[in-house]
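Visitor: One structure, pasted below without further comment.
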Amino acid sequence: MKTLKIIALGSPGVGKGTYAVEITSKYGVLHISSGDIFRENIKNETELGLKAKSFIEKGELVSDDVTIEMMKERLSREDAREKGFYLDGFPRTIPQAEALAVDVPVDMVINYKADPEVIIQRLSGRRVCKKCGAIFHVTNLPPAVEGVCDKCGGEIYQRADDNPESIKERLKVYEEKTKPLINYYQEKGLLREVTVNEDFGSHKDEILAKIFKLIEEN
């Protein structure tokens, strides 16, 4: 199979990170997360990282220009060129999508969809480790010991915005911001959609079969 270059779209709680683990394992592509790239640049105090930090410290969104340059630098590295990638969190705007298309043509854009009530159930039950960031769920993926991370022993907590009202607002904002991007990729003939209402823990094979079929039929 040729080197794959995939963009992942989907609302908070839809499972992009979970599917990333399976896709990267099966197809040998890199999981490139915009959040990871931001943290890497800020930690290493690169020129772009310092620019991004100045926006964040003022409580502003990092500009498209800085975001684009940061992501282009990562995607230009040899490992991304040779292995391909599953791109999570970028692009988020039409200018970002247009800039990406100039240098890095992608094969497909997967838009993961789930019903709002499913997302609310997933996120309101989500718990996160304060120490290592591992994610658990009170019903779908509980830790072995309540309140304690299986991986590092850290304290598990519920994020302040993982309550039903906040989640509804986040979903509304996501839909408003992402609709132009979905339309953009639809017009380009690159958009593929998959509905993932099922619980991954008990329907893993079924969900992955749908996603892998989508990729391999492209």
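Please note that chains go A, B, ... in the order of the structure tokens, that every chain numbers its residues from 1, and that ligands are numbered from 1 in the order shown.
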Mind checking which residues fall within 6 Å of segment 84-91 of chain A, counting only C-alpha atoms, ignoring those fewer than 6 positions away in the same chain, and posting them as a count of residues only?
Guide: 13
Visitor: Between atom CA of Val21 of chain A and atom CA of Asp150 of chain A, what is the distance in Å, rounded to a tenth?
Guide: 18.5 Å
Visitor: What does the structure give for the distance between atom CA of Ile94 of chain A and atom CA of Leu9 of chain A, in Å to one decimal?
Guide: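 Going from atom CA of Ile94 of chain A over to atom CA of Leu9 of chain A covers 13.4 Å.
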Visitor: Could you name the residues that touch segment 41-55 of chain A at 10 Å or less, counting only C-alpha atoms, but leaving out those on the same chain fewer than 4 positions away, as a ChimeraX atom specification?
Guide: /A:36-37,59-63,65-67,69-70
Visitor: Going by DSSP on the backbone, which residues of segment 76-195 of chain A come out as strand (DSSP E or B)? List them as a short mmCIF file (atom, residue, chain, number, x, y, z; two decimals) with C-alpha atoms, in the first residue's frame.
Guide:
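That gives us states33.cif:
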```cif
data_model
loop_
_atom_site.label_atom_id
_atom_site.label_comp_id
_atom_site.auth_asym_id
_atom_site.auth_seq_id
_atom_site.Cartn_x
_atom_site.Cartn_y
_atom_site.Cartn_z
CA GLY A 84 3.07 9.20 5.97
CA PHE A 85 0.85 10.50 8.75
CA TYR A 86 -2.45 10.63 10.57
CA LEU A 87 -2.87 14.33 11.28
CA ASP A 88 -4.91 15.27 14.34
CA MET A 108 -8.19 11.63 2.45
CA VAL A 109 -9.94 13.40 5.30
CA ILE A 110 -11.81 11.19 7.77
CA ASN A 111 -14.65 12.95 9.58
CA TYR A 112 -15.66 10.93 12.64
CA LYS A 113 -19.27 11.50 13.69
CA ARG A 126 -14.15 10.90 31.30
CA ARG A 127 -11.45 11.08 33.94
CA VAL A 128 -7.86 12.22 33.40
CA CYS A 129 -4.65 11.52 35.32
CA ILE A 135 -7.58 8.95 30.06
CA PHE A 136 -10.15 6.73 31.78
CA HIS A 137 -13.95 6.48 31.82
CA LEU A 141 -12.65 2.26 30.95
CA VAL A 145 -8.41 1.30 41.77
CA VAL A 148 -5.79 6.10 40.93
CA GLU A 155 -4.56 11.13 40.94
CA ILE A 156 -7.47 10.88 38.49
CA TYR A 157 -9.83 13.85 38.19
CA LEU A 191 -13.94 13.86 2.67
CA ARG A 192 -14.92 10.43 4.01
CA GLU A 193 -17.32 10.09 6.95
CA VAL A 194 -17.79 7.32 9.49
CA THR A 195 -20.32 7.17 12.34
#
```
Visitor: Work out how far apart atom CA of Ala144 of chain A and atom CA of Phe200 of chain A are and give it in Å to one decimal.
Guide: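 We find that atom CA of Ala144 of chain A and atom CA of Phe200 of chain A lie 18.4 Å from each other.
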Visitor: Could you please write out, as a PyMOL selection string, every residue of segment 124-218 of chain A that DSSP assigns to alpha helix (DSSP H)?
Guide: chain A and resi 124+164-187+200-216
Visitor: Write a file of the selected residues as a compact mmCIF listing (two decimals), in the first residue's frame, keeping N, CA and C atoms.
Guide:
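Written file, part.txt:
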```txt
# COMPACT_ATOMS: atom_id res chain seq x y z
N SER A 124 -18.70 13.26 29.82
CA SER A 124 -19.07 13.52 31.21
C SER A 124 -18.57 12.41 32.12
N PRO A 164 -22.09 18.18 31.37
CA PRO A 164 -23.02 18.21 30.22
C PRO A 164 -23.22 19.57 29.58
N GLU A 165 -23.40 20.63 30.38
CA GLU A 165 -23.65 21.96 29.80
C GLU A 165 -22.44 22.49 29.04
N SER A 166 -21.27 22.32 29.63
CA SER A 166 -20.04 22.76 28.95
C SER A 166 -19.81 21.97 27.67
N ILE A 167 -20.10 20.67 27.73
CA ILE A 167 -19.89 19.81 26.56
C ILE A 167 -20.81 20.25 25.42
N LYS A 168 -22.08 20.54 25.74
CA LYS A 168 -23.02 21.00 24.70
C LYS A 168 -22.50 22.26 24.02
N GLU A 169 -21.96 23.19 24.81
CA GLU A 169 -21.42 24.42 24.26
C GLU A 169 -20.19 24.15 23.40
N ARG A 170 -19.32 23.26 23.86
CA ARG A 170 -18.12 22.91 23.08
C ARG A 170 -18.50 22.27 21.75
N LEU A 171 -19.53 21.43 21.76
CA LEU A 171 -19.98 20.79 20.52
C LEU A 171 -20.55 21.82 19.54
N LYS A 172 -21.28 22.78 20.08
CA LYS A 172 -21.86 23.84 19.25
C LYS A 172 -20.76 24.67 18.60
N VAL A 173 -19.76 25.06 19.40
CA VAL A 173 -18.63 25.85 18.89
C VAL A 173 -17.85 25.05 17.85
N TYR A 174 -17.62 23.77 18.13
CA TYR A 174 -16.88 22.92 17.19
C TYR A 174 -17.60 22.85 15.85
N GLU A 175 -18.91 22.62 15.89
CA GLU A 175 -19.67 22.49 14.65
C GLU A 175 -19.62 23.78 13.82
N GLU A 176 -19.77 24.90 14.50
CA GLU A 176 -19.73 26.20 13.79
C GLU A 176 -18.37 26.44 13.13
N LYS A 177 -17.31 26.10 13.86
CA LYS A 177 -15.96 26.36 13.36
C LYS A 177 -15.53 25.37 12.29
N THR A 178 -16.02 24.13 12.39
CA THR A 178 -15.53 23.07 11.50
C THR A 178 -16.36 22.91 10.24
N LYS A 179 -17.59 23.40 10.24
CA LYS A 179 -18.46 23.23 9.07
C LYS A 179 -17.81 23.74 7.78
N PRO A 180 -17.18 24.93 7.77
CA PRO A 180 -16.54 25.39 6.53
C PRO A 180 -15.43 24.44 6.07
N LEU A 181 -14.71 23.86 7.02
CA LEU A 181 -13.61 22.94 6.69
C LEU A 181 -14.17 21.65 6.08
N ILE A 182 -15.25 21.16 6.64
CA ILE A 182 -15.89 19.95 6.11
C ILE A 182 -16.38 20.21 4.68
N ASN A 183 -17.00 21.37 4.47
CA ASN A 183 -17.47 21.73 3.13
C ASN A 183 -16.30 21.85 2.15
N TYR A 184 -15.21 22.43 2.63
CA TYR A 184 -14.01 22.62 1.80
C TYR A 184 -13.48 21.26 1.30
N TYR A 185 -13.35 20.32 2.21
CA TYR A 185 -12.81 19.01 1.81
C TYR A 185 -13.82 18.18 1.02
N GLN A 186 -15.11 18.44 1.26
CA GLN A 186 -16.15 17.76 0.49
C GLN A 186 -16.06 18.19 -0.97
N GLU A 187 -15.88 19.49 -1.17
CA GLU A 187 -15.77 20.02 -2.53
C GLU A 187 -14.52 19.51 -3.24
N PHE A 200 -16.23 1.86 22.17
CA PHE A 200 -15.04 1.22 21.59
C PHE A 200 -14.65 -0.04 22.37
N GLY A 201 -14.82 -0.01 23.69
CA GLY A 201 -14.43 -1.16 24.49
C GLY A 201 -15.13 -2.44 24.10
N SER A 202 -16.43 -2.35 23.81
CA SER A 202 -17.20 -3.56 23.49
C SER A 202 -17.45 -3.76 21.99
N HIS A 203 -17.10 -2.75 21.18
CA HIS A 203 -17.33 -2.87 19.73
C HIS A 203 -16.06 -2.54 18.93
N LYS A 204 -14.91 -2.80 19.53
CA LYS A 204 -13.63 -2.42 18.92
C LYS A 204 -13.49 -2.97 17.49
N ASP A 205 -13.68 -4.26 17.32
CA ASP A 205 -13.48 -4.88 16.00
C ASP A 205 -14.43 -4.30 14.96
N GLU A 206 -15.67 -4.07 15.37
CA GLU A 206 -16.69 -3.53 14.45
C GLU A 206 -16.32 -2.12 14.00
N ILE A 207 -15.91 -1.30 14.95
CA ILE A 207 -15.54 0.09 14.63
C ILE A 207 -14.30 0.12 13.73
N LEU A 208 -13.28 -0.64 14.09
CA LEU A 208 -12.05 -0.63 13.31
C LEU A 208 -12.27 -1.18 11.90
N ALA A 209 -13.15 -2.17 11.77
CA ALA A 209 -13.45 -2.71 10.44
C ALA A 209 -14.02 -1.62 9.53
N LYS A 210 -14.89 -0.77 10.10
CA LYS A 210 -15.48 0.33 9.32
C LYS A 210 -14.40 1.33 8.89
N ILE A 211 -13.53 1.67 9.84
CA ILE A 211 -12.49 2.66 9.56
C ILE A 211 -11.47 2.13 8.56
N PHE A 212 -11.02 0.89 8.75
CA PHE A 212 -10.01 0.31 7.85
C PHE A 212 -10.58 0.14 6.43
N LYS A 213 -11.85 -0.20 6.35
CA LYS A 213 -12.50 -0.34 5.04
C LYS A 213 -12.51 1.00 4.31
N LEU A 214 -12.82 2.05 5.05
CA LEU A 214 -12.84 3.40 4.50
C LEU A 214 -11.47 3.77 3.92
N ILE A 215 -10.42 3.45 4.66
CA ILE A 215 -9.06 3.77 4.24
C ILE A 215 -8.65 2.96 3.02
N GLU A 216 -8.95 1.67 3.05
CA GLU A 216 -8.46 0.79 2.00
C GLU A 216 -9.27 0.89 0.71
```
Visitor: Hey, which of A:Arg92, A:Arg122, A:Arg81, A:Arg159 ends up closest to Asn140 of chain A? Count only C-alpha atoms.
Guide: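 Among the listed residues, the smallest separation from Asn140 of chain A belongs to A:Arg122.
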